[in-house]
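Peer 1: Data file structure_20.txt (compact mmCIF, C-alpha atoms) is appended below.
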# COMPACT_ATOMS: atom_id res chain seq x y z
CA VAL A 16 -7.82 6.58 -3.82
CA TYR A 17 -5.53 6.57 -0.78
CA PRO A 18 -2.75 9.00 -1.85
CA ALA A 19 0.26 7.03 -0.59
CA ASN A 20 1.41 5.01 -3.61
CA LYS A 21 2.72 6.82 -6.68
CA THR A 22 4.07 3.82 -8.57
CA ARG A 23 1.01 2.97 -10.62
CA MET A 24 3.05 0.61 -12.85
CA TRP A 25 3.47 -1.76 -9.92
CA MET A 26 -0.27 -2.23 -9.69
CA VAL A 27 -0.20 -3.83 -13.15
CA LEU A 28 2.60 -6.23 -12.22
CA ILE A 29 0.95 -7.49 -9.03
CA PHE A 30 -2.69 -7.37 -10.08
CA LEU A 31 -3.29 -11.09 -10.68
CA GLY A 32 -1.57 -12.26 -7.50
CA TRP A 33 -3.42 -9.67 -5.44
CA VAL A 34 -6.79 -10.72 -6.87
CA LEU A 35 -6.05 -14.39 -6.23
CA GLY A 36 -4.79 -13.55 -2.75
CA CYS A 37 -7.99 -11.66 -1.87
CA PHE A 38 -10.11 -14.48 -3.32
CA SER A 39 -8.14 -17.02 -1.29
CA ALA A 40 -8.61 -14.92 1.85
CA TRP A 41 -12.36 -15.03 1.23
CA LEU A 42 -12.18 -18.82 0.75
CA LEU A 43 -10.34 -19.08 4.05
CA TYR A 44 -13.16 -17.17 5.71
CA ARG A 45 -15.74 -19.49 4.11
CA TYR A 46 -13.73 -22.46 5.40
CA SER A 47 -13.91 -21.02 8.92
CA ARG A 48 -17.70 -20.94 8.57
CA ASN A 49 -18.43 -24.40 7.13
CA GLY A 50 -15.21 -26.42 7.56
CA LYS A 51 -15.07 -27.76 3.99
CA VAL A 52 -11.50 -28.95 3.42
CA TRP A 53 -11.55 -28.34 -0.34
CA LEU A 54 -11.97 -24.62 0.35
CA LEU A 55 -8.82 -24.70 2.48
CA LEU A 56 -6.85 -26.50 -0.24
CA ILE A 57 -7.87 -24.02 -2.95
CA ALA A 58 -7.08 -21.15 -0.60
CA ALA A 59 -3.62 -22.63 0.04
CA LEU A 60 -2.92 -22.78 -3.70
CA GLY A 61 -4.03 -19.17 -4.12
CA TYR A 62 -1.91 -18.04 -1.19
CA ALA A 63 1.14 -19.87 -2.56
CA TYR A 64 0.73 -18.29 -5.99
CA ALA A 65 0.31 -14.80 -4.54
CA PHE A 66 3.45 -15.17 -2.40
CA LEU A 67 5.51 -16.58 -5.28
CA GLU A 68 4.39 -13.94 -7.78
CA TYR A 69 5.17 -10.96 -5.55
CA GLU A 70 6.02 -11.17 -1.88
CA GLY A 71 4.35 -7.86 -1.05
CA THR A 72 1.10 -9.69 -0.25
CA LEU A 73 2.82 -11.79 2.41
CA GLY A 74 2.16 -9.65 5.46
CA ILE A 75 -1.44 -8.65 4.90
CA LEU A 76 -2.65 -12.09 3.77
CA THR A 77 -0.92 -13.76 6.71
CA ALA A 78 -2.43 -11.22 9.10
CA TRP A 79 -5.87 -12.05 7.72
CA GLY A 80 -5.39 -15.67 8.73
CA VAL A 81 -4.22 -14.63 12.21
CA LEU A 82 -7.25 -12.36 12.63
CA LEU A 83 -9.55 -15.24 11.68
CA MET A 84 -7.83 -17.47 14.23
CA LEU A 85 -8.31 -14.86 16.95
CA TYR A 86 -11.91 -14.13 15.96
CA THR A 87 -12.91 -17.83 15.90
CA PHE A 88 -10.90 -18.97 18.92
CA PRO A 89 -13.02 -21.85 20.27
CA THR A 90 -13.01 -20.88 23.97
CA LEU A 91 -14.56 -17.49 23.13
CA TYR A 92 -17.86 -19.11 22.16
CA PRO A 93 -20.36 -21.39 23.92
CA PRO A 94 -20.16 -25.12 23.00
CA GLY A 95 -22.97 -24.93 20.48
CA LYS A 96 -21.38 -22.09 18.46
CA ARG A 97 -17.66 -22.79 18.62
CA ILE A 98 -15.79 -24.43 15.75
CA SER A 99 -13.77 -27.61 16.18
CA LEU A 100 -10.09 -27.47 17.08
CA LEU A 101 -9.23 -29.25 13.82
CA ARG A 102 -11.05 -26.64 11.73
CA TRP A 103 -9.48 -23.86 13.77
CA ALA A 104 -6.02 -25.36 13.21
CA GLY A 105 -6.64 -25.26 9.44
CA LEU A 106 -6.79 -21.48 9.66
CA ALA A 107 -3.06 -21.57 10.47
CA MET A 108 -2.33 -22.36 6.79
CA PRO A 109 -1.09 -18.78 6.08
CA LEU A 110 1.23 -19.04 9.09
CA VAL A 111 2.72 -22.26 7.72
CA LEU A 112 3.44 -20.58 4.37
CA PHE A 113 4.79 -17.56 6.23
CA GLY A 114 7.19 -19.81 8.13
CA ALA A 115 8.36 -21.36 4.87
CA TYR A 116 9.02 -17.87 3.51
CA LEU A 117 11.08 -16.92 6.56
CA PHE A 118 13.14 -20.08 6.26
CA TYR A 119 13.81 -19.31 2.60
CA ARG A 120 14.69 -15.66 3.20
CA LEU A 121 16.78 -16.08 6.33
CA ASN A 122 18.49 -19.41 5.61
CA LEU A 123 17.93 -21.13 2.27
CA ILE A 124 18.67 -18.09 0.12
CA TYR A 125 22.20 -17.93 1.56
CA MET A 126 22.69 -21.70 1.48
CA ILE A 127 22.08 -21.82 -2.29
CA GLY A 128 24.03 -18.60 -2.93
CA LEU A 129 21.27 -16.30 -4.23
CA ARG A 130 21.73 -12.53 -4.02
CA GLY A 131 19.55 -9.63 -5.07
CA PHE A 132 18.64 -6.00 -4.56
CA HIS A 133 15.93 -6.79 -2.02
CA GLN A 134 18.02 -8.57 0.56
CA ILE A 135 16.82 -8.51 4.17
CA LYS A 136 18.75 -5.75 5.92
CA ALA A 137 16.78 -5.23 9.15
CA THR A 138 15.81 -8.05 11.50
CA ASP A 139 16.26 -6.55 14.97
CA PRO A 140 13.07 -5.26 16.64
CA LEU A 141 14.28 -1.65 16.95
CA SER A 142 15.04 -1.28 13.23
CA LEU A 143 11.73 -2.90 12.29
CA LEU A 144 9.81 -0.58 14.61
CA GLN A 145 11.62 2.46 13.23
CA ASN A 146 10.78 1.44 9.66
CA LEU A 147 7.20 0.74 10.72
CA ALA A 148 6.99 4.22 12.27
CA ALA A 149 8.27 5.67 8.99
CA GLY A 150 5.49 3.83 7.21
CA ALA A 151 2.86 5.17 9.60
CA TYR A 152 4.16 8.69 8.99
CA ALA A 153 3.97 8.13 5.22
CA LEU A 154 0.34 6.97 5.47
CA SER A 155 -0.56 10.02 7.56
CA TYR A 156 1.40 12.58 5.56
CA GLY A 157 -0.02 11.16 2.34
CA TRP A 158 -3.19 13.16 2.99
CA ILE A 159 -1.24 16.38 3.62
CA GLU A 160 1.25 16.20 0.75
CA PRO A 161 -1.35 16.94 -2.01
CA LEU A 162 -2.52 19.98 -0.05
CA HIS A 163 1.07 21.11 0.49
CA ALA A 164 1.63 20.87 -3.27
CA LEU A 165 -1.22 23.38 -3.74
CA VAL A 166 0.16 25.83 -1.15
CA PRO A 167 3.91 25.08 -0.97
CA GLY A 168 4.67 28.30 0.87
CA LEU A 169 2.69 27.27 3.94
CA ARG A 170 4.48 25.46 6.74
CA ILE A 171 3.48 21.86 7.37
CA ARG A 172 2.42 22.50 10.97
CA GLY A 173 0.18 25.37 9.90
CA LEU A 174 -1.25 23.34 7.02
CA VAL A 175 -2.06 20.41 9.33
CA SER A 176 -3.73 22.76 11.84
CA ILE A 177 -5.85 24.43 9.16
CA ALA A 178 -6.82 21.08 7.63
CA LEU A 179 -7.89 19.67 11.02
CA ILE A 180 -9.90 22.79 11.86
CA LEU A 181 -11.69 22.69 8.51
CA LEU A 182 -12.38 18.97 8.92
CA VAL A 183 -13.90 19.54 12.39
CA ILE A 184 -16.05 22.40 11.07
CA TRP A 185 -17.19 20.23 8.16
CA PHE A 186 -18.08 17.40 10.57
CA LEU A 187 -20.06 19.73 12.84
CA LEU A 188 -21.94 21.21 9.89
CA GLY A 189 -22.75 17.71 8.67
CA TRP A 190 -23.96 16.79 12.15
CA ARG A 191 -26.25 19.82 12.36
CA TRP A 192 -27.64 19.31 8.87
CA SER A 193 -28.25 15.57 9.33
CA ALA A 194 -29.89 16.22 12.73
CA HIS A 195 -32.19 18.75 11.06
CA GLN A 196 -33.10 16.20 8.39
CA SER A 197 -33.74 13.60 11.07
CA ARG A 198 -36.19 15.85 12.93
CA ARG A 199 -37.81 17.01 9.71
CA HIS A 200 -38.55 13.49 8.48
CA SER A 201 -39.17 12.02 11.95
CA TRP A 202 -36.69 9.20 11.52
CA LEU A 203 -37.03 6.63 14.26
CA PRO A 204 -34.03 6.54 16.63
CA VAL A 205 -32.13 3.32 17.22
CA SER A 206 -32.02 1.73 20.63
CA GLU A 207 -29.02 2.17 22.90
CA ASP A 208 -28.17 -1.50 22.51
CA GLU A 209 -28.07 -1.11 18.71
CA ARG A 210 -25.96 2.02 19.05
CA ARG A 211 -23.48 0.34 21.36
CA TYR A 212 -23.27 -2.62 18.99
CA ALA A 213 -22.50 -0.27 16.07
CA ILE A 214 -19.78 1.43 18.14
CA ARG A 215 -18.26 -1.94 19.04
CA GLN A 216 -18.22 -2.90 15.37
CA SER A 217 -16.52 0.40 14.55
CA LEU A 218 -13.86 -0.27 17.19
CA PHE A 219 -13.31 -3.75 15.75
CA THR A 220 -12.92 -2.22 12.26
CA CYS A 221 -10.35 0.24 13.63
CA ALA A 222 -8.41 -2.56 15.34
CA ALA A 223 -8.43 -4.70 12.19
CA GLY A 224 -7.32 -1.68 10.16
CA LEU A 225 -4.37 -1.08 12.49
CA VAL A 226 -3.26 -4.71 12.32
CA LEU A 227 -3.60 -4.91 8.53
CA SER A 228 -1.82 -1.56 8.08
CA ALA A 229 1.19 -2.78 10.06
CA ALA A 230 1.13 -6.17 8.33
CA GLY A 231 0.91 -4.54 4.90
CA PHE A 232 4.40 -3.11 5.36
CA PHE A 233 5.92 -6.57 5.70
CA PRO A 234 8.30 -7.65 4.22
CA PHE A 235 9.18 -4.17 2.93
CA ILE A 236 10.28 -2.92 6.35
CA THR A 237 13.01 -5.57 6.35
CA TYR A 238 14.51 -3.89 3.27
CA ALA A 239 14.21 -0.14 3.93
CA PRO A 240 11.89 2.41 5.56
CA PRO A 241 8.73 3.25 3.55
CA GLY A 242 8.27 6.79 2.29
CA LEU A 243 6.37 8.99 -0.13
CA ASP A 244 9.01 9.61 -2.81
CA PHE A 245 8.10 8.00 -6.09
CA PHE A 246 10.30 4.93 -5.74
CA SER A 247 9.74 3.92 -2.10
CA SER A 248 6.02 4.78 -2.10
CA ARG A 249 5.45 1.30 -3.56
CA PHE A 250 6.15 -0.01 -0.05
CA ASN A 251 2.74 1.44 0.92
CA THR A 252 0.83 -0.58 -1.68
CA TYR A 253 -0.70 -3.10 0.73
CA ALA A 254 -0.61 -1.02 3.91
CA VAL A 255 -3.17 1.34 2.38
CA VAL A 256 -5.73 -1.50 2.56
CA GLY A 257 -5.57 -1.52 6.34
CA ALA A 258 -5.21 2.27 6.49
CA SER A 259 -8.39 2.68 4.45
CA LEU A 260 -10.18 0.26 6.77
CA LEU A 261 -8.91 2.25 9.76
CA LEU A 262 -10.19 5.49 8.24
CA VAL A 263 -13.59 3.92 7.63
CA GLY A 264 -13.70 2.62 11.22
CA LEU A 265 -12.83 6.04 12.64
CA ALA A 266 -15.50 7.69 10.49
CA GLU A 267 -18.10 5.17 11.68
CA LEU A 268 -17.03 5.62 15.28
CA LEU A 269 -17.34 9.41 15.12
CA THR A 270 -20.71 9.32 13.39
CA TRP A 271 -22.24 6.76 15.76
CA ALA A 272 -20.95 8.75 18.73
CA VAL A 273 -23.39 11.55 17.87
CA ALA A 274 -25.95 10.06 15.46
CA ARG A 275 -29.31 8.93 16.78
CA ASN A 276 -30.54 6.78 13.88
CA THR A 277 -29.21 4.79 10.96
CA ARG A 278 -30.05 7.30 8.25
CA GLN A 279 -28.36 10.14 10.10
CA ALA A 280 -25.28 8.00 10.64
CA ALA A 281 -25.15 7.15 6.92
CA MET A 282 -25.44 10.82 5.94
CA MET A 283 -22.75 11.91 8.39
CA PHE A 284 -20.44 9.10 7.31
CA THR A 285 -20.77 10.09 3.64
CA LEU A 286 -20.12 13.75 4.38
CA PHE A 287 -17.11 12.94 6.58
CA ILE A 288 -15.49 10.70 3.94
CA LEU A 289 -16.17 13.12 1.07
CA PRO A 290 -13.11 15.41 1.66
CA PHE A 291 -10.82 12.40 1.73
CA LEU A 292 -12.30 11.13 -1.55
CA ILE A 293 -11.73 14.53 -3.16
CA VAL A 294 -8.12 14.79 -1.97
CA GLY A 295 -7.34 11.18 -2.91
CA THR A 296 -8.93 11.43 -6.36
CA GLY A 297 -7.15 14.71 -7.09
CA SER A 298 -3.85 13.16 -6.05
CA GLU A 299 -4.41 10.13 -8.28
CA LEU A 300 -5.21 12.33 -11.28
CA ALA A 301 -2.11 14.47 -10.66
CA ILE A 302 0.12 11.38 -10.42
CA GLN A 303 -1.31 9.95 -13.64
CA ARG A 304 -0.67 13.28 -15.36
CA GLN A 305 2.94 13.26 -14.17
CA THR A 306 3.33 9.68 -15.40
CA GLN A 307 2.05 10.66 -18.86
CA LEU A 308 4.53 13.53 -19.02
CA LEU A 309 7.36 11.23 -17.95
CA TRP A 310 6.40 8.71 -20.61
CA GLN A 311 6.57 11.43 -23.28
CA GLU A 312 10.01 12.46 -22.01
CA TYR A 313 11.22 8.86 -22.09
CA ARG A 314 9.93 8.36 -25.65
CA GLN A 315 11.81 11.44 -26.80
CA MET A 316 14.95 10.30 -24.96
CA TRP A 317 14.95 6.82 -26.53
CA GLN A 318 14.13 8.15 -29.98
CA GLY A 319 17.18 10.39 -29.65
CA ILE A 320 19.30 7.39 -28.60
CA PHE A 321 18.08 5.36 -31.60
CA ARG A 322 19.00 8.20 -33.95
CA ALA A 323 22.44 8.65 -32.38
CA ALA A 324 23.24 4.91 -32.23
CA PRO A 325 20.94 3.07 -34.66
CA GLY A 326 22.70 -0.29 -34.80
CA LEU A 327 24.19 -1.33 -31.48
CA GLN A 328 25.26 -4.97 -31.40
CA ASP A 329 25.96 -7.48 -28.64
CA ASN A 330 28.91 -6.83 -26.32
CA ALA A 331 28.63 -3.08 -26.86
CA ALA A 332 28.66 -0.63 -23.96
CA GLY A 333 26.15 2.21 -23.72
CA VAL A 334 26.70 5.28 -21.56
CA LEU A 335 23.85 7.71 -20.94
CA VAL A 336 25.31 11.13 -20.09
CA VAL A 337 22.96 13.19 -17.93
CA ALA A 338 23.73 16.88 -18.45
CA HIS A 339 22.36 20.12 -17.03
CA THR A 340 21.47 18.57 -13.72
CA PRO A 341 22.34 19.36 -10.09
CA CYS A 342 25.10 17.17 -8.73
CA ASN A 343 23.42 16.17 -5.50
CA PRO A 344 21.41 12.92 -5.55
CA VAL A 345 17.80 14.10 -5.81
CA GLU A 346 14.86 12.75 -7.75
CA TYR A 347 15.12 12.58 -11.52
CA GLY A 348 11.82 11.61 -13.09
CA GLU A 349 10.29 8.76 -11.13
CA ARG A 350 13.66 7.37 -9.99
CA GLN A 351 16.34 8.67 -7.72
CA TYR A 352 19.79 9.05 -9.22
CA LEU A 353 21.32 5.65 -9.88
CA PHE A 354 25.09 5.69 -9.56
CA SER A 355 27.41 3.65 -11.73
CA ALA A 356 28.70 1.82 -8.65
CA ILE A 357 25.41 -0.08 -8.19
CA ALA A 358 25.38 -1.51 -11.76
CA ASN A 359 22.30 -0.06 -13.41
CA LEU A 360 20.43 -3.22 -14.31
CA GLU A 361 17.33 -1.34 -15.44
CA LEU A 362 19.18 0.69 -18.08
CA THR A 363 21.09 -2.39 -19.27
CA ASN A 364 17.86 -4.37 -19.66
CA ALA A 365 16.24 -1.46 -21.51
CA PHE A 366 19.09 -1.32 -24.04
CA ASN A 367 18.91 -5.07 -24.62
CA ALA A 368 15.12 -5.02 -24.95
CA PHE A 369 14.99 -2.10 -27.41
CA TYR A 370 17.92 -3.27 -29.53
CA GLY A 371 16.99 -6.95 -29.48
CA THR A 372 20.33 -7.98 -27.96
CA GLN A 373 21.41 -9.91 -24.87
CA HIS A 374 24.84 -8.65 -23.89
CA ILE A 375 24.80 -4.84 -24.09
CA SER A 376 25.88 -3.16 -20.85
CA ALA A 377 24.75 0.36 -20.02
CA ASP A 378 25.29 2.96 -17.34
CA PHE A 379 24.63 6.53 -16.24
CA VAL A 380 27.28 9.25 -16.06
CA TYR A 381 26.51 12.72 -14.71
CA GLN A 382 28.32 15.41 -16.68
CA GLY A 383 30.31 17.85 -14.57
CA CYS A 384 29.57 16.06 -11.30
CA ASP A 385 32.15 14.58 -8.94
CA LEU A 386 29.92 11.91 -7.45
CA PRO A 387 31.09 9.12 -5.11
CA ASN A 388 32.16 5.94 -6.95
CA GLN A 389 31.26 7.32 -10.36
CA VAL A 390 33.00 5.46 -13.17
CA ARG A 391 35.64 7.55 -14.98
CA PHE A 392 36.06 7.42 -18.74
Please, can you express the file's structure as structure tokens?

Peer 2:
Amino acid sequence: VYPANKTRMWMVLIFLGWVLGCFSAWLLYRYSRNGKVWLLLIAALGYAYAFLEYEGTLGILTAWGVLLMLYTFPTLYPPGKRISLLRWAGLAMPLVLFGAYLFYRLNLIYMIGLRGFHQIKATDPLSLLQNLAAGAYALSYGWIEPLHALVPGLRIRGLVSIALILLVIWFLLGWRWSAHQSRRHSWLPVSEDERRYAIRQSLFTCAAGLVLSAAGFFPFITYAPPGLDFFSSRFNTYAVVGASLLLVGLAELLTWAVARNTRQAAMMFTLFILPFLIVGTGSELAIQRQTQLLWQEYRQMWQGIFRAAPGLQDNAAGVLVVAHTPCNPVEYGERQYLFSAIANLELTNAFNAFYGTQHISADFVYQGCDLPNQVRF
């Protein structure tokens, strides 16, 4: 329920590859534990399918392999507990596939003459860091945007301050209440060694969350900066996995910093996460409601087109005139304005799909607007 991805339709398209990718990541972990080669081979097939189906999984699944390599690095363990160099080298399988992807994207795609909308536009470190920073802002602001929608008149800085103050008060109240319950039921405290171990685990979770959050934005940050508008919020699809892990790690770290036993820590953790669950769930429900309204609008629009032009044939040209709209390029439905100059492939494909044709071309025209590069009729 992380409120940073509004394109729910994309979850349907990438569901199978994502499931296979996660399953393959688990198989790679099992391979690191027992060294069975067949696990590595099945994981490689799952990784390859996930990357070929939708490249959005590339960064986070590759980062998982890198994290396993760092975590199992042989010299970090005594001789009796370290894994062999050959088994450790097998964990580089995601890196090998990642290298093949880079060769395809940076070299082969131009050698064979392929072009597309998602061409790599940013390769220099500064541009990548700027796009990554935009993604980090989107993940952070994703928690504030639903609240701002409830009180749009309040400035963002004031809203952030109020939200942080309320969150601190809620955490302190949870601490006091859980401490009272601990004394009331005489829960046995954990040892300092156990507490320090829990804090170290929380720090490791935070570090893994940061790495997976950054990796989840690849390869999207080579195309454009992530954001929270409907269209570009899909760039956050996989980064929210690491961001959720980071949030969980921070919650564990805060609770174990003040908790004195396991039950108190569990109670404080649940109370701390609860506001985020409420905000995230409310955001998801609101987005689904907006999607349902949009679908009703689209049905009415296409029914009107079918009545106005019931029998379009191949080689016809369809022009959708958008009237009563502001002439500056802002959001319209779940898409930003698509100008005629960029060849609206989506509208063309929709006409061909609904009319059962193959060669109808279609475009948008904005009535009364003098937009750059707009086709004149």

Peer 1: With all atoms listed in the file as the counted atoms, please give the residues lying no more than 12 Å from Gly105 of chain A, apart from itself and same-chain residues fewer than 4 positions off, as number ranges by chain.

Peer 2: A: 43-44, 46-48, 50-56, 58-59, 80-81, 83-84, 87, 98-101, 109-111

Peer 1: Residues of segment 290-327 of chain A that approach segment 241-262 of chain A to 12 Å or less, counting all atoms listed in the file: could you list each one with the shortest pair of atoms and its distance in Å to one decimal, rows by chain and increasing residue number, as a tab-separated table?

Peer 2:
residue	atom	partner	partner_atom	distance
A:Phe291	CA	A:Leu262	CA	9.5
A:Leu292	CA	A:Ser259	CA	11.1
A:Gly295	CA	A:Ser259	CA	11.3
A:Ile302	CA	A:Phe245	CA	9.7
A:Gln305	CA	A:Phe245	CA	10.9
A:Thr306	CA	A:Phe245	CA	10.6

Peer 1: Write out the residues from the selection above, keeping C-alpha atoms, as a compact mmCIF listing (two decimals), in the frame of the given file.

Peer 2:
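Written out: part_29.txt:
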# COMPACT_ATOMS: atom_id res chain seq x y z
CA PHE A 291 -10.82 12.40 1.73
CA LEU A 292 -12.30 11.13 -1.55
CA GLY A 295 -7.34 11.18 -2.91
CA ILE A 302 0.12 11.38 -10.42
CA GLN A 305 2.94 13.26 -14.17
CA THR A 306 3.33 9.68 -15.40

Peer 1: Find the residues around segment 326-335 of chain A up to 7 Å (only C-alpha atoms counted), leave out those fewer than 3 positions away in its own chain, and share them as number ranges by chain.

Peer 2: A: 370, 372-380

Peer 1: If we count only C-alpha atoms, what is near Leu73 of chain A at a cut-off of 8 Å, once residues fewer than 4 positions away on the same chain are taken out, given as a list in words?

Peer 2: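 Final neighbour list, sorted by chain and number: Ala65, Phe66, Thr77, Phe113, Gly231, Phe233 and Pro234 of chain A.
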
Peer 1: Env of Arg278 of chain A: 9 Å cut, atoms = all atoms listed in the file, seq-sep filter 4 positions within chain, self excluded. Answer as a ChimeraX atom specification.

Peer 2: /A:193,197,202,274,282-283

Peer 1: So what do you get for atom CA of Ala19 of chain A versus atom CA of Leu82 of chain A, distance-wise?

Peer 2: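 So the answer is 24.6 Å.
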
Peer 1: Could you check how far atom CA of Asn364 of chain A sits from atom CA of Leu67 of chain A, in Å to one decimal?

Peer 2: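 Between atom CA of Asn364 of chain A and atom CA of Leu67 of chain A the gap works out to 22.5 Å.
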
Peer 1: Pick from A:Tyr69, A:Tyr62, A:Tyr86, A:Trp158: nearest to Tyr17 of chain A, with only C-alpha atoms counted?

Peer 2: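 Under the stated criterion, the closest residue is A:Trp158.
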
Peer 1: Just give me the gap between atom CA of Val337 of chain A and atom CA of Ala323 of chain A in Å, one decimal is fine.

Peer 2: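 Going from atom CA of Val337 of chain A over to atom CA of Ala323 of chain A covers 15.2 Å.
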
Peer 1: When you look at Pro140 of chain A with a cut-off of 12 Å (counting all atoms listed in the file), what residues show up, excluding the ones that are within fewer than 4 positions of it in the same chain? I need them as a ChimeraX atom specification.

Peer 2: /A:144-147,236-237
